[in-house]
Every structure is written in C-alpha cells, then in structure tokens.
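Asker: So here's target.txt (compact mmCIF, C-alpha atoms).
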```txt
# COMPACT_ATOMS: atom_id res chain seq x y z
CA MET N 1 114.68 99.96 37.26
CA LYS N 2 115.47 96.59 38.83
CA GLU N 3 113.19 93.63 38.12
CA LEU N 4 112.11 93.28 41.76
CA THR N 5 111.41 97.02 42.04
CA LYS N 6 109.01 96.78 39.10
CA LEU N 7 107.38 93.71 40.67
CA ILE N 8 106.61 95.68 43.85
CA LEU N 9 105.52 98.80 41.95
CA ASP N 10 103.11 96.81 39.74
CA ASP N 11 101.64 94.95 42.73
CA MET N 12 100.88 97.94 44.99
CA ARG N 13 97.33 99.17 44.38
CA PRO N 14 95.00 101.43 46.41
CA ALA N 15 91.84 99.50 47.36
CA LEU N 16 88.72 100.93 48.98
CA GLY N 17 87.14 98.47 51.40
CA VAL N 18 87.63 94.74 51.02
CA THR N 19 89.26 94.12 47.63
CA GLU N 20 86.77 91.45 46.61
CA GLN N 21 83.76 93.75 46.84
CA GLY N 22 85.63 96.40 44.88
CA ALA N 23 86.44 93.80 42.22
CA ILE N 24 82.80 92.62 42.04
CA ALA N 25 81.51 96.19 41.64
CA PHE N 26 84.26 96.89 39.07
CA ALA N 27 83.23 93.86 36.97
CA VAL N 28 79.54 94.83 37.02
CA ALA N 29 80.28 98.50 36.28
CA THR N 30 82.44 97.48 33.32
CA ALA N 31 79.70 95.23 31.92
CA LYS N 32 77.19 98.08 32.30
CA LYS N 33 79.19 100.16 29.82
CA TYR N 34 78.15 97.73 27.09
CA VAL N 35 74.37 97.65 27.64
CA THR N 36 71.46 100.06 27.45
CA GLY N 37 67.85 99.73 28.50
CA GLU N 38 66.09 98.63 31.68
CA VAL N 39 67.90 96.00 33.73
CA LYS N 40 66.18 92.61 34.02
CA LEU N 41 68.92 90.54 35.71
CA ILE N 42 72.50 90.94 36.94
CA CYS N 43 74.15 87.53 37.32
CA LEU N 44 77.47 86.97 39.03
CA VAL N 45 79.55 83.77 39.30
CA LEU N 46 82.52 83.70 41.69
CA ASN N 47 85.18 81.22 42.68
CA SER N 48 84.97 80.21 46.36
CA GLY N 49 87.65 82.62 47.56
CA MET N 50 85.94 85.63 45.98
CA TYR N 51 82.50 84.44 47.14
CA LYS N 52 83.68 83.88 50.72
CA ASN N 53 85.74 87.05 51.11
CA ALA N 54 82.89 89.41 50.23
CA PHE N 55 80.19 87.34 51.96
CA THR N 56 79.73 89.39 55.16
CA CYS N 57 82.19 92.21 54.76
CA GLY N 58 81.25 95.87 55.22
CA ILE N 59 81.01 97.96 52.05
CA PRO N 60 82.48 101.49 51.94
CA ASN N 61 79.89 104.26 52.31
CA SER N 62 77.17 101.73 53.13
CA ARG N 63 75.67 99.97 56.13
CA GLU N 64 75.07 96.88 54.00
CA VAL N 65 77.35 93.88 53.60
CA GLY N 66 77.93 91.05 51.17
CA ASN N 67 78.10 89.97 47.55
CA GLU N 68 74.58 90.94 46.45
CA HIS N 69 74.84 94.53 47.64
CA ALA N 70 78.29 94.90 46.02
CA VAL N 71 76.77 93.68 42.73
CA ALA N 72 73.84 96.07 42.99
CA LEU N 73 76.08 99.05 43.82
CA GLY N 74 78.30 98.06 40.92
CA TYR N 75 75.31 98.58 38.64
CA VAL N 76 73.83 101.62 40.36
CA VAL N 77 76.87 103.81 40.99
CA ALA N 78 80.34 102.23 40.63
CA ASP N 79 82.84 104.01 38.40
CA ALA N 80 84.80 101.32 36.54
CA ASP N 81 87.52 103.83 35.64
CA LYS N 82 88.50 103.97 39.33
CA GLY N 83 89.35 100.27 39.52
CA LEU N 84 89.32 98.96 43.09
CA GLU N 85 88.23 102.40 44.35
CA CYS N 86 85.11 102.27 42.17
CA LEU N 87 82.71 102.52 45.15
CA GLU N 88 84.13 105.85 46.29
CA GLY N 89 81.05 107.85 45.20
CA VAL N 90 78.36 105.81 47.00
CA LYS N 91 75.67 107.98 48.65
CA PRO N 92 72.63 106.98 50.79
CA HIS N 93 70.24 107.12 47.81
CA HIS N 94 72.48 104.71 45.90
CA ASN N 95 72.18 102.20 48.74
CA LYS N 96 68.38 102.50 48.55
CA GLU N 97 68.41 101.89 44.80
CA ALA N 98 70.71 98.88 45.29
CA LYS N 99 68.39 97.40 47.94
CA THR N 100 65.44 97.83 45.57
CA LEU N 101 67.25 95.92 42.80
CA ILE N 102 67.91 93.05 45.21
CA LYS N 103 64.34 93.07 46.54
CA GLU N 104 62.99 92.89 42.98
CA GLY N 105 65.04 89.71 42.38
CA LYS N 106 67.28 91.35 39.78
CA VAL N 107 70.54 90.27 41.43
CA LYS N 108 71.73 86.67 41.39
CA VAL N 109 75.07 85.49 42.86
CA GLU N 110 76.28 81.94 42.24
CA LEU N 111 79.19 79.96 43.69
CA GLY N 112 81.51 78.59 41.02
CA ASP N 113 84.59 76.42 41.59
CA ILE N 114 86.14 75.74 44.98
CA SER N 115 89.42 77.33 44.03
CA SER N 116 92.09 79.78 45.18
CA ARG N 117 92.31 81.14 41.62
CA ILE N 118 90.36 84.39 41.24
CA TYR N 119 87.37 84.13 38.91
CA ILE N 120 84.54 86.65 38.38
CA PHE N 121 81.89 86.40 35.69
CA ALA N 122 79.39 89.27 35.60
CA GLU N 123 76.52 89.38 33.12
CA ILE N 124 73.88 92.10 32.79
CA THR N 125 70.68 91.45 30.87
CA THR N 126 68.36 94.32 29.94
CA ASN N 127 65.26 94.63 27.75
CA GLU N 128 67.61 95.67 24.92
CA GLY N 129 70.46 93.15 25.15
CA PHE N 130 73.13 91.63 27.38
CA ALA N 131 76.84 91.96 28.14
CA SER N 132 79.34 90.05 30.23
CA VAL N 133 82.78 90.57 31.76
CA THR N 134 85.19 87.82 32.84
CA ILE N 135 88.03 88.47 35.30
CA ARG N 136 90.73 85.93 36.15
CA ASP N 137 93.80 85.63 38.41
CA THR N 138 93.94 89.20 39.71
CA HIS N 139 91.09 91.41 40.89
CA THR N 140 90.95 93.72 37.87
CA ASN N 141 92.42 91.49 35.15
CA ILE N 142 89.64 91.46 32.54
CA THR N 143 90.20 88.54 30.17
CA GLN N 144 86.99 88.79 28.11
CA ILE N 145 84.10 91.16 27.40
CA THR N 146 81.07 90.17 25.33
CA LYS N 147 78.11 92.15 24.01
CA ASP N 148 75.00 90.34 22.81
CA GLY N 149 77.00 87.13 22.56
CA GLU N 150 79.82 88.64 20.48
CA ILE N 151 83.36 88.95 21.89
CA VAL N 152 84.38 92.60 21.91
CA PHE N 153 87.57 92.12 23.95
CA GLN N 154 89.75 89.10 24.63
CA LYS N 155 93.12 89.04 26.36
CA ASP N 156 95.85 86.95 24.81
CA SER N 157 96.48 84.13 27.28
CA LYS N 158 99.81 82.83 25.93
CA VAL N 159 101.41 83.74 29.24
CA GLU N 160 99.59 80.91 31.05
CA ALA N 161 102.59 78.63 30.52
CA ILE N 162 104.80 80.88 32.66
CA GLU N 163 102.52 80.31 35.63
CA ALA N 164 104.61 77.30 36.68
CA SER N 165 107.50 79.66 37.43
CA PRO N 166 106.43 83.06 38.80
CA LEU N 167 109.11 85.73 38.68
CA ILE N 168 109.49 85.92 42.46
CA HIS N 169 110.31 82.19 42.64
CA ARG N 170 113.36 82.69 40.45
CA TYR N 171 114.95 84.39 43.46
CA THR N 172 116.26 82.91 46.69
CA LEU N 173 115.81 84.57 50.07
CA ARG N 174 119.50 85.46 50.01
CA ARG N 175 119.06 87.26 46.68
CA LEU N 176 115.95 89.07 47.95
CA LEU N 177 117.96 90.25 50.95
CA ASN N 178 120.84 91.35 48.72
CA TYR N 179 118.41 93.36 46.55
CA VAL N 180 116.89 95.05 49.63
CA ARG N 181 120.34 95.99 50.92
CA THR N 182 121.68 97.38 47.63
CA VAL N 183 118.77 98.82 45.60
CA PRO N 184 119.18 102.62 45.30
CA ILE N 185 116.86 104.14 47.89
CA GLU N 186 115.37 106.58 45.35
CA GLU N 187 114.22 103.58 43.30
CA ILE N 188 111.96 102.34 46.11
CA ARG N 189 110.93 105.73 47.48
CA PHE N 190 107.42 105.13 46.04
CA VAL N 191 106.85 102.56 48.83
CA ARG N 192 106.25 105.56 51.11
CA GLN N 193 102.83 105.95 49.45
CA ALA N 194 101.67 102.82 51.28
CA TYR N 195 102.27 104.54 54.62
CA ASP N 196 100.43 107.68 53.54
CA LEU N 197 97.31 105.65 52.68
CA ASN N 198 97.44 103.10 55.51
CA LEU N 199 98.07 105.67 58.24
CA ALA N 200 95.14 107.79 57.01
CA LEU N 201 92.95 104.67 57.27
CA PHE N 202 94.25 104.11 60.82
CA GLU N 203 93.35 107.69 61.77
CA GLN N 204 89.81 107.13 60.50
CA ALA N 205 89.54 104.03 62.71
CA ILE N 206 90.48 106.02 65.81
CA LYS N 207 87.91 108.72 64.98
CA SER N 208 85.11 106.24 64.28
CA ARG N 209 82.64 105.03 66.90
CA SER N 210 82.17 101.69 65.16
CA THR N 211 85.68 100.26 65.80
CA PRO N 212 85.73 98.67 69.30
CA PHE N 213 89.03 96.81 68.81
CA ALA N 214 90.78 99.99 67.70
CA HIS N 215 89.65 101.84 70.83
CA TYR N 216 90.58 98.97 73.14
CA LEU N 217 94.06 98.74 71.59
CA PHE N 218 94.41 102.53 71.89
CA GLN N 219 93.63 102.31 75.63
CA LYS N 220 96.07 99.41 76.01
CA ASN N 221 98.77 101.54 74.38
CA GLY N 222 98.31 104.23 77.03
CA GLN N 223 96.00 106.34 74.84
CA ARG N 224 98.97 107.10 72.65
CA ILE N 225 99.41 106.24 68.98
CA ILE N 226 103.10 105.50 69.50
CA SER N 227 104.16 104.53 73.02
CA ASP N 228 107.46 103.16 74.34
CA ASN N 229 106.16 99.63 73.68
CA GLU N 230 106.74 98.82 70.01
CA GLN N 231 104.60 95.68 70.03
CA THR N 232 101.46 97.31 71.45
CA SER N 233 102.02 100.30 69.15
CA ALA N 234 102.39 97.94 66.18
CA SER N 235 99.22 96.05 67.07
CA LEU N 236 97.27 99.30 67.46
CA LEU N 237 98.32 100.78 64.13
CA CYS N 238 97.93 97.56 62.18
CA ASN N 239 94.71 96.20 63.59
CA ALA N 240 92.81 99.47 63.91
CA ALA N 241 93.42 99.97 60.17
CA ILE N 242 92.29 96.41 59.41
CA GLU N 243 89.14 96.91 61.48
CA ALA N 244 88.34 100.15 59.63
CA ARG N 245 88.76 98.38 56.33
CA VAL N 246 86.60 95.33 57.04
CA LEU N 247 83.83 97.44 58.56
CA GLY N 248 83.60 99.49 55.37
CA LEU N 249 85.02 102.84 56.49
CA SER N 250 85.55 105.09 53.53
CA ARG N 251 89.32 105.38 53.08
CA PRO N 252 91.46 103.12 50.88
CA ALA N 253 94.34 100.89 51.96
CA MET N 254 97.41 100.20 49.85
CA SER N 255 96.97 96.58 48.83
CA ILE N 256 99.70 94.06 48.08
CA THR N 257 99.08 90.71 46.36
CA GLY N 258 95.53 91.94 45.79
CA SER N 259 94.63 92.49 49.45
CA GLY N 260 94.35 95.63 51.57
CA ALA N 261 94.77 93.65 54.80
CA HIS N 262 97.97 92.07 53.44
CA GLY N 263 99.22 95.56 52.64
CA ILE N 264 98.36 96.82 56.14
CA ILE N 265 100.03 93.92 57.98
CA ALA N 266 103.09 94.13 55.72
CA THR N 267 103.64 97.80 56.59
CA LEU N 268 102.14 99.37 59.71
CA PRO N 269 103.87 97.21 62.38
CA LEU N 270 107.17 98.17 60.71
CA TYR N 271 106.24 101.84 60.94
CA ALA N 272 105.50 101.50 64.67
CA SER N 273 108.84 99.77 65.28
CA ALA N 274 110.69 102.43 63.30
CA GLN N 275 109.01 105.22 65.28
CA VAL N 276 109.74 103.66 68.69
CA ASN N 277 113.34 102.72 67.87
CA HIS N 278 114.14 105.81 65.74
CA TYR N 279 115.07 103.82 62.66
CA SER N 280 115.63 105.97 59.57
CA GLU N 281 113.14 106.24 56.71
CA GLU N 282 115.66 104.41 54.52
CA GLN N 283 115.71 101.45 56.93
CA LEU N 284 111.91 101.45 56.97
CA LEU N 285 111.55 101.50 53.18
CA ARG N 286 114.12 98.74 52.68
CA ALA N 287 112.43 96.63 55.37
CA THR N 288 109.06 97.18 53.69
CA ALA N 289 110.42 96.05 50.33
CA LEU N 290 111.60 92.82 52.00
CA SER N 291 108.25 92.42 53.74
CA TYR N 292 106.41 92.73 50.42
CA LEU N 293 108.70 90.31 48.59
CA VAL N 294 108.47 87.54 51.21
CA CYS N 295 104.69 87.96 51.26
CA MET N 296 104.58 87.63 47.45
CA TYR N 297 106.85 84.58 47.55
CA ILE N 298 104.44 82.68 49.82
CA LYS N 299 101.28 83.93 48.07
CA GLU N 300 102.45 82.64 44.69
CA TYR N 301 102.32 79.14 46.21
CA SER N 302 99.13 79.52 48.25
CA GLY N 303 97.03 81.28 45.59
CA LYS N 304 95.46 84.73 45.85
CA LEU N 305 92.38 83.59 47.80
CA SER N 306 92.54 80.35 49.73
CA ALA N 307 91.28 78.71 52.91
CA PHE N 308 94.18 79.97 54.99
CA CYS N 309 94.63 83.50 56.24
CA GLY N 310 97.24 84.93 53.88
CA CYS N 311 97.10 88.22 55.78
CA ALA N 312 98.41 86.64 58.98
CA ILE N 313 100.59 83.94 57.43
CA ALA N 314 102.07 85.38 54.22
CA ALA N 315 102.01 89.11 55.05
CA GLY N 316 102.76 88.35 58.72
CA THR N 317 105.86 86.34 57.75
CA GLY N 318 106.97 89.09 55.36
CA MET N 319 106.49 91.72 58.06
CA ALA N 320 108.44 89.59 60.57
CA CYS N 321 111.34 89.42 58.11
CA GLY N 322 111.20 93.20 57.63
CA LEU N 323 111.17 93.66 61.40
CA ALA N 324 114.23 91.43 61.83
CA PHE N 325 116.00 93.31 59.03
CA MET N 326 115.46 96.69 60.77
CA LYS N 327 116.79 95.21 64.01
CA GLY N 328 120.04 94.22 62.30
CA GLY N 329 119.17 90.59 61.59
CA THR N 330 121.34 88.59 59.22
CA PHE N 331 120.32 86.13 56.50
CA ARG N 332 120.45 83.41 59.17
CA THR N 333 118.09 85.45 61.37
CA LEU N 334 115.55 85.69 58.53
CA GLN N 335 115.75 81.94 57.99
CA LEU N 336 114.97 81.34 61.68
CA VAL N 337 112.14 83.90 61.61
CA ILE N 338 110.49 82.06 58.72
CA GLN N 339 110.85 78.72 60.55
CA ASN N 340 109.23 80.17 63.69
CA MET N 341 106.35 81.69 61.73
CA ALA N 342 105.81 78.47 59.76
CA SER N 343 105.70 76.49 62.99
CA SER N 344 103.20 78.78 64.70
CA ILE N 345 100.34 80.28 62.69
CA THR N 346 100.39 78.26 59.46
CA GLY N 347 96.92 76.79 59.03
CA MET N 348 94.96 79.74 60.45
CA ILE N 349 91.76 79.65 58.41
CA CYS N 350 90.31 82.41 56.27
CA ASP N 351 86.55 82.59 56.74
CA GLY N 352 86.18 85.59 54.47
CA GLY N 353 86.88 89.27 54.78
CA ASN N 354 85.03 90.23 57.96
CA HIS N 355 85.42 91.70 61.46
CA GLY N 356 87.33 88.54 62.43
CA CYS N 357 90.27 89.72 60.31
CA THR N 358 91.02 92.13 63.17
CA MET N 359 91.56 89.25 65.62
CA LYS N 360 93.68 87.39 63.07
CA GLY N 361 95.82 90.50 62.63
CA ILE N 362 96.32 90.76 66.40
CA VAL N 363 97.54 87.15 66.51
CA ALA N 364 99.82 87.74 63.50
CA VAL N 365 101.52 90.80 65.04
CA ASP N 366 102.10 88.93 68.31
CA ALA N 367 103.51 85.88 66.47
CA ALA N 368 105.79 88.06 64.35
CA PHE N 369 107.32 89.90 67.31
CA GLN N 370 107.83 86.64 69.23
CA SER N 371 109.34 84.93 66.17
CA VAL N 372 111.78 87.81 65.65
CA ASN N 373 112.75 88.04 69.32
CA PHE N 374 113.55 84.32 69.42
CA ALA N 375 115.39 84.41 66.06
CA LEU N 376 117.60 87.32 67.13
CA GLU N 377 118.72 85.09 70.02
CA GLY N 378 119.38 82.22 67.61
CA ILE N 379 116.31 80.30 68.83
CA ALA N 380 113.98 78.64 66.31
CA ILE N 381 112.02 75.49 65.56
CA GLY N 382 114.52 73.32 63.69
CA ASN N 383 114.14 72.51 60.01
CA SER N 384 113.68 68.82 60.76
CA HIS N 385 110.38 69.56 62.51
CA GLY N 386 106.93 69.81 60.97
CA ILE N 387 106.66 71.62 57.63
CA ASN N 388 109.96 73.48 57.99
CA GLY N 389 112.16 72.78 54.98
CA HIS N 390 115.88 72.35 54.42
CA SER N 391 116.01 75.91 53.06
CA PRO N 392 113.91 79.04 53.62
CA GLU N 393 112.63 78.67 50.06
CA ASP N 394 111.38 75.15 50.87
CA THR N 395 109.74 76.36 54.08
CA MET N 396 107.89 79.15 52.24
CA ARG N 397 106.83 76.69 49.55
CA HIS N 398 105.51 74.30 52.20
CA ILE N 399 103.56 77.13 53.88
CA GLY N 400 101.88 77.88 50.56
CA MET N 401 101.15 74.22 49.83
CA ILE N 402 99.20 73.92 53.09
CA ALA N 403 96.70 76.34 51.54
CA SER N 404 96.70 75.09 47.98
CA PRO N 405 96.18 72.24 47.36
CA GLY N 406 96.14 71.32 51.06
CA MET N 407 93.04 73.16 52.28
CA VAL N 408 90.64 72.82 49.34
CA GLU N 409 88.23 70.71 51.39
CA THR N 410 88.53 73.18 54.27
CA GLU N 411 87.49 75.93 51.86
CA ARG N 412 84.45 73.91 50.80
CA ILE N 413 83.37 73.41 54.44
CA ILE N 414 83.87 77.10 55.32
CA VAL N 415 81.67 78.21 52.40
CA LYS N 416 79.08 75.54 53.29
CA ILE N 417 78.87 76.83 56.88
CA MET N 418 78.51 80.44 55.71
CA ARG N 419 75.75 79.61 53.23
CA GLU N 420 73.86 77.52 55.79
CA LYS N 421 73.99 80.40 58.29
CA LYS N 422 72.59 82.77 55.69
CA ALA N 423 69.79 80.33 54.77
CA GLU N 424 68.81 79.97 58.46
CA LYS N 425 68.18 83.72 58.88
```
Write out the structure in this file as structure tokens.
Answerer:
Amino acid sequence: MKELTKLILDDMRPALGVTEQGAIAFAVATAKKYVTGEVKLICLVLNSGMYKNAFTCGIPNSREVGNEHAVALGYVVADADKGLECLEGVKPHHNKEAKTLIKEGKVKVELGDISSRIYIFAEITTNEGFASVTIRDTHTNITQITKDGEIVFQKDSKVEAIEASPLIHRYTLRRLLNYVRTVPIEEIRFVRQAYDLNLALFEQAIKSRSTPFAHYLFQKNGQRIISDNEQTSASLLCNAAIEARVLGLSRPAMSITGSGAHGIIATLPLYASAQVNHYSEEQLLRATALSYLVCMYIKEYSGKLSAFCGCAIAAGTGMACGLAFMKGGTFRTLQLVIQNMASSITGMICDGGNHGCTMKGIVAVDAAFQSVNFALEGIAIGNSHGINGHSPEDTMRHIGMIASPGMVETERIIVKIMREKKAEK
C-alpha cells in the first residue's frame, strides 16, 4: 500500500454529529470506566477550538445543544468503544438524566488555551474516587489516563519532534497529482465508503422537517436530487448533509481531518458533478483522493480547530481541485484553482459547529465552481497578488498561516462573544 493511500485510510473516520461533541462524550465515557460510586462532579477543560465548536451545536438523538449536555450524555450513556459514534444509543430518558446532572451542578466546563491544537481533559469525581482522561491533537487520541491520581496509561510522545514536518508536506502538488493518476484503483476503492455514509446523511436531511436550507435547495434544484445543473445539485447534496449534521440528525458522516463537515464538502459536490456529467466511478474516486490530500495539506498548517472555516477553505479548496481533475484539468489548472480559492474565501471565520456551517458550505461550493470555471479558461488571480505564493505549496502554506498563528486573536474574540451571549440569557 502506498504511503499516501495509508494516510487517507487512517484519516477517514465515521463521526456521528459534530465531531467535537462526540470527542467530549468519548473522553467522559472513557474516564467513567475507571471509577465507581455516585458521581459528585464531572469537570471538562477544552482548548478554544473544541470549546467553540461544540458550544451551540445540535447533539444526535437529542434536542439539546452544547458542551455541558455532551459531557452529561458522555457520563449517562456514551459507549467509549464506539469512538466518535459513541452517542448512537441516546434515548429520551438519557437526555432527562443528563439534564438532571447539569441542573444539580455536577457538570463543569472550562475554557483552556486559545489554541488550534486539540486538547480535552475530562475528570470524574465520585464518592469513591476520581479518574481523568487527556486527549491531544486528534479527537480520540488519548495521551493519558489516571485513576485516583495514579497514571494507568500514558502514550509515548517521542513523535512530537516530527510535528515540524507532517508526512503530507513532504509531497508537492505535482507529486500528489501523480499519485492520484497512477495509484491502482483497487487500492483506493475504500474511499467509496465515504459516499455511502454521506449520501445516507443527505437522504435523512431531505426526509426531516427540521432542515429548511435542505428543502429550499431541493426546490431550487427543481425538486430533483440530481438535475441538469451540476452546481445546484452539488450545493443541495453537500449542504443538506451539513445541515443534517449540525442540527444533530442521527446518521454519521465520514470525517476527514477530524471533521464531518470537511468530509462532506470534500466529497458530495464531486458526486453531483460525476452524476450530471457521467464521469466514471474511477474518475470520482481518484478526484476524491486528490480532494482529501489537498484538504489535509492546508489543515496541517492551519491546525485542526482554528478561527477560520476549514470546511469552506481547506476542504473547499481540496474539492475544487478534485472537480478540476474530473473535468480534465492539468497541473497548471490545479495551481490556478488554488490561487482563485486563496484569493476569495480565505479568512472566512469559524464561529463553532452550528447551523451557520450550512451557509458557509453554500458559499464554499459556489466559490469552488467559479474558481474551477475560471481556471479551466486559464484565468486566475496572479501569484504576485495578496497571499498567493510563488508555488501552489506556498499558497497552501499561506492559507494555513492565516488561521494559525494569524487568527489567534480572532478566535479569542469569537469565544468571548459566544460566552457573553450565553451569560445574557
């Protein structure tokens, strides 16, 4: 198996609801395995990206939103063995129990560092003892577990030094394109699983009464899932699925770079284009591999959770490259696509996982199609302008730098606004 194939395979993960709430519940459920007795306090500390992304987002199988309810459900019902799908078994009585825990003051959520680096610390104290779980860098990467103050698990962190040079950054765009063109198709056939999951989530959005954007986009597309217009079909598929996810509908998405919305944007517009234009499944799977890899390339610079909308910017740029690839674009076309995307939606803020992600996805799909259409005609914002670099690698690095370290203060202000709103209720 090629190195890049393994990178994609390891990164793709099913996630139920917004990934951050799944990760919070997973951390609490894991800590619960190490304690007995009656719960006195569940304490959670999150970095700003985690805190913000779960702040007002819908929770699967629940009408509640936010960090506290995710913590409480993590204790009441979450199955840690299911990873990011740990809230799959939530029933109405579990939501009542969770609300009681919160009302009794047994759930405490604190904001830690303003940082794009994932950090979760969950500690459960009972009348018989206490246990804690620490997660860093990825949503389910447990680095330490303690029980009654004693370390029972610790991950070897020698690999930290490699962080300066992530695997994806050892490749150029030209080499990524060469891989996508030449990798044996059977080796990347597993990518099809992303479409199975994401399309099922889309179908749930269309059936639901709580997804107004999905129904509007469906009307706009002539009440057809796939019409003759690839852009409106792409927007419908992509953004209905995003809306279902952020509102807490109960089907998983296939995440990439730790985000279900990234995974949806990186895939479903490509599926719509392939359906309208009758591209083969092989073309679709190769384009998706490229979409994923470009998204990863940018995200390794921006950080997993930052103040800019990685869904629109990183996944949107990856998807635009995949779209250009399916339409016969050359390496030069991809370079121009990246320049157009960098010059348009870079800087779009992330104010958490919430209903607004749907609007951001709509903007991303529109920007991607326009960027590709221009690039196929040889039209792009030149590399002497703005943050565009002398190479596509430089441009993608600059996009990421806008988020981290560039938007750290923006992140602080976004979280401040969200907390003030909550306090005013």
Asker: Wanna dump the range 139-244 of chain N-range 113-135 of chain N contacts at 6 Å for me, each residue with its shortest atom pair and the distance in Å to one decimal, counting all atoms listed in the file, ordered by chain and number, as a Markdown table?
Answerer:
```
| residue | atom | partner | partner_atom | distance |
| --- | --- | --- | --- | --- |
| N:Asn141 | CA | N:Ile135 | CA | 5.3 |
| N:Ile142 | CA | N:Ile135 | CA | 4.4 |
| N:Thr143 | CA | N:Ile135 | CA | 5.6 |
| N:Gln144 | CA | N:Thr134 | CA | 5.2 |
| N:Ile145 | CA | N:Val133 | CA | 4.6 |
| N:Thr146 | CA | N:Ser132 | CA | 5.2 |
| N:Lys147 | CA | N:Ala131 | CA | 4.3 |
| N:Asp148 | CA | N:Phe130 | CA | 5.1 |
```
Asker: Contacts of range 360-364 of chain N at 7 Å or less, counting only C-alpha atoms, minus same-chain residues fewer than 3 places along, as a ChimeraX atom specification?
Answerer: /N:235,239,312,316,356-357,367-368
Asker: Please return, as a PyMOL selection string, all polymer residues that have at least one atom within 10 Å of the point (89.4, 101.0, 50.5); use all atoms listed in the file and the file's own coordinate frame.
Answerer: chain N and resi 14-19+21-22+59-60+84-88+197-198+201+244-246+248-255+260
Asker: If I take CA of His215 in chain N and CA of Lys421 in chain N, how far is one from the other in Å, to one decimal?
Answerer: 29.4 Å
Asker: Suppose you want the space between CA of Arg174 in chain N and CA of Thr267 in chain N; what is it in Å?
Answerer: 21.1 Å
Asker: Can you tell me how far CA of Asn388 in chain N sits from CA of Met401 in chain N, in Å to one decimal?
Answerer: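 We find that CA of Asn388 in chain N and CA of Met401 in chain N lie 12.0 Å from each other.
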Asker: Point out the residue among N:Arg175, N:Lys52, N:His390, N:His262 with the least atom-to-atom distance to Val109 in chain N, counting only C-alpha atoms.
Answerer: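 Once distances to Val109 in chain N are computed over only C-alpha atoms, the minimum belongs to N:Lys52.
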Asker: From the set N:Ile298, N:Ile413, N:Val77, N:Ile102, which residue has the shortest atom-to-atom contact distance to Thr346 in chain N, counting only C-alpha atoms?
Answerer: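 Using only C-alpha atoms, the shortest distance to Thr346 in chain N belongs to N:Ile298.
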Asker: Which residue out of N:Ile345, N:Leu336, N:Leu284, N:Ile24 has the minimum interatomic distance to Arg192 in chain N when all atoms listed in the file are used?
Answerer: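 When distances to Arg192 in chain N are compared using all atoms listed in the file, the smallest one comes from N:Leu284.
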Asker: Give me, as a list in words, all polymer residues having an atom no more than 10 Å from Met418 in chain N, counting all atoms listed in the file and skipping those fewer than 6 positions away in the same chain.
Answerer: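 Those residues are Lys52, Phe55, Thr56, Asp351 and Gly352 of chain N.
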Asker: Return the single residue from N:Glu300, N:Glu411, N:Glu281, N:Asp366 that is closest to Cys350 in chain N, with distances computed using only C-alpha atoms.
Answerer: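 Under the stated criterion, the closest residue is N:Glu411.
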Asker: Could you check which of N:Ile206, N:Cys321, N:Val71, N:Met326 is closest to Gln370 in chain N, using all atoms listed in the file?
Answerer: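 With all atoms listed in the file as the atom set, the closest residue is N:Cys321.
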Asker: So that I can check the surroundings of Arg224 in chain N, please list as a VMD selection string every protein, DNA and RNA residue that reaches within 12 Å of it, counting only C-alpha atoms and ignoring chain neighbours fewer than 4 positions away.
Answerer: chain N and resid 206 214 to 220 228 to 230 232 to 234 236 to 237 272 276
Asker: For Asp10 in chain N, work out the shell of residues within 12 Å, counting all atoms listed in the file and skipping chain neighbours fewer than 6 positions away, then give it as a ChimeraX atom specification.
Answerer: /N:3-4,138,190-191,255-258,292
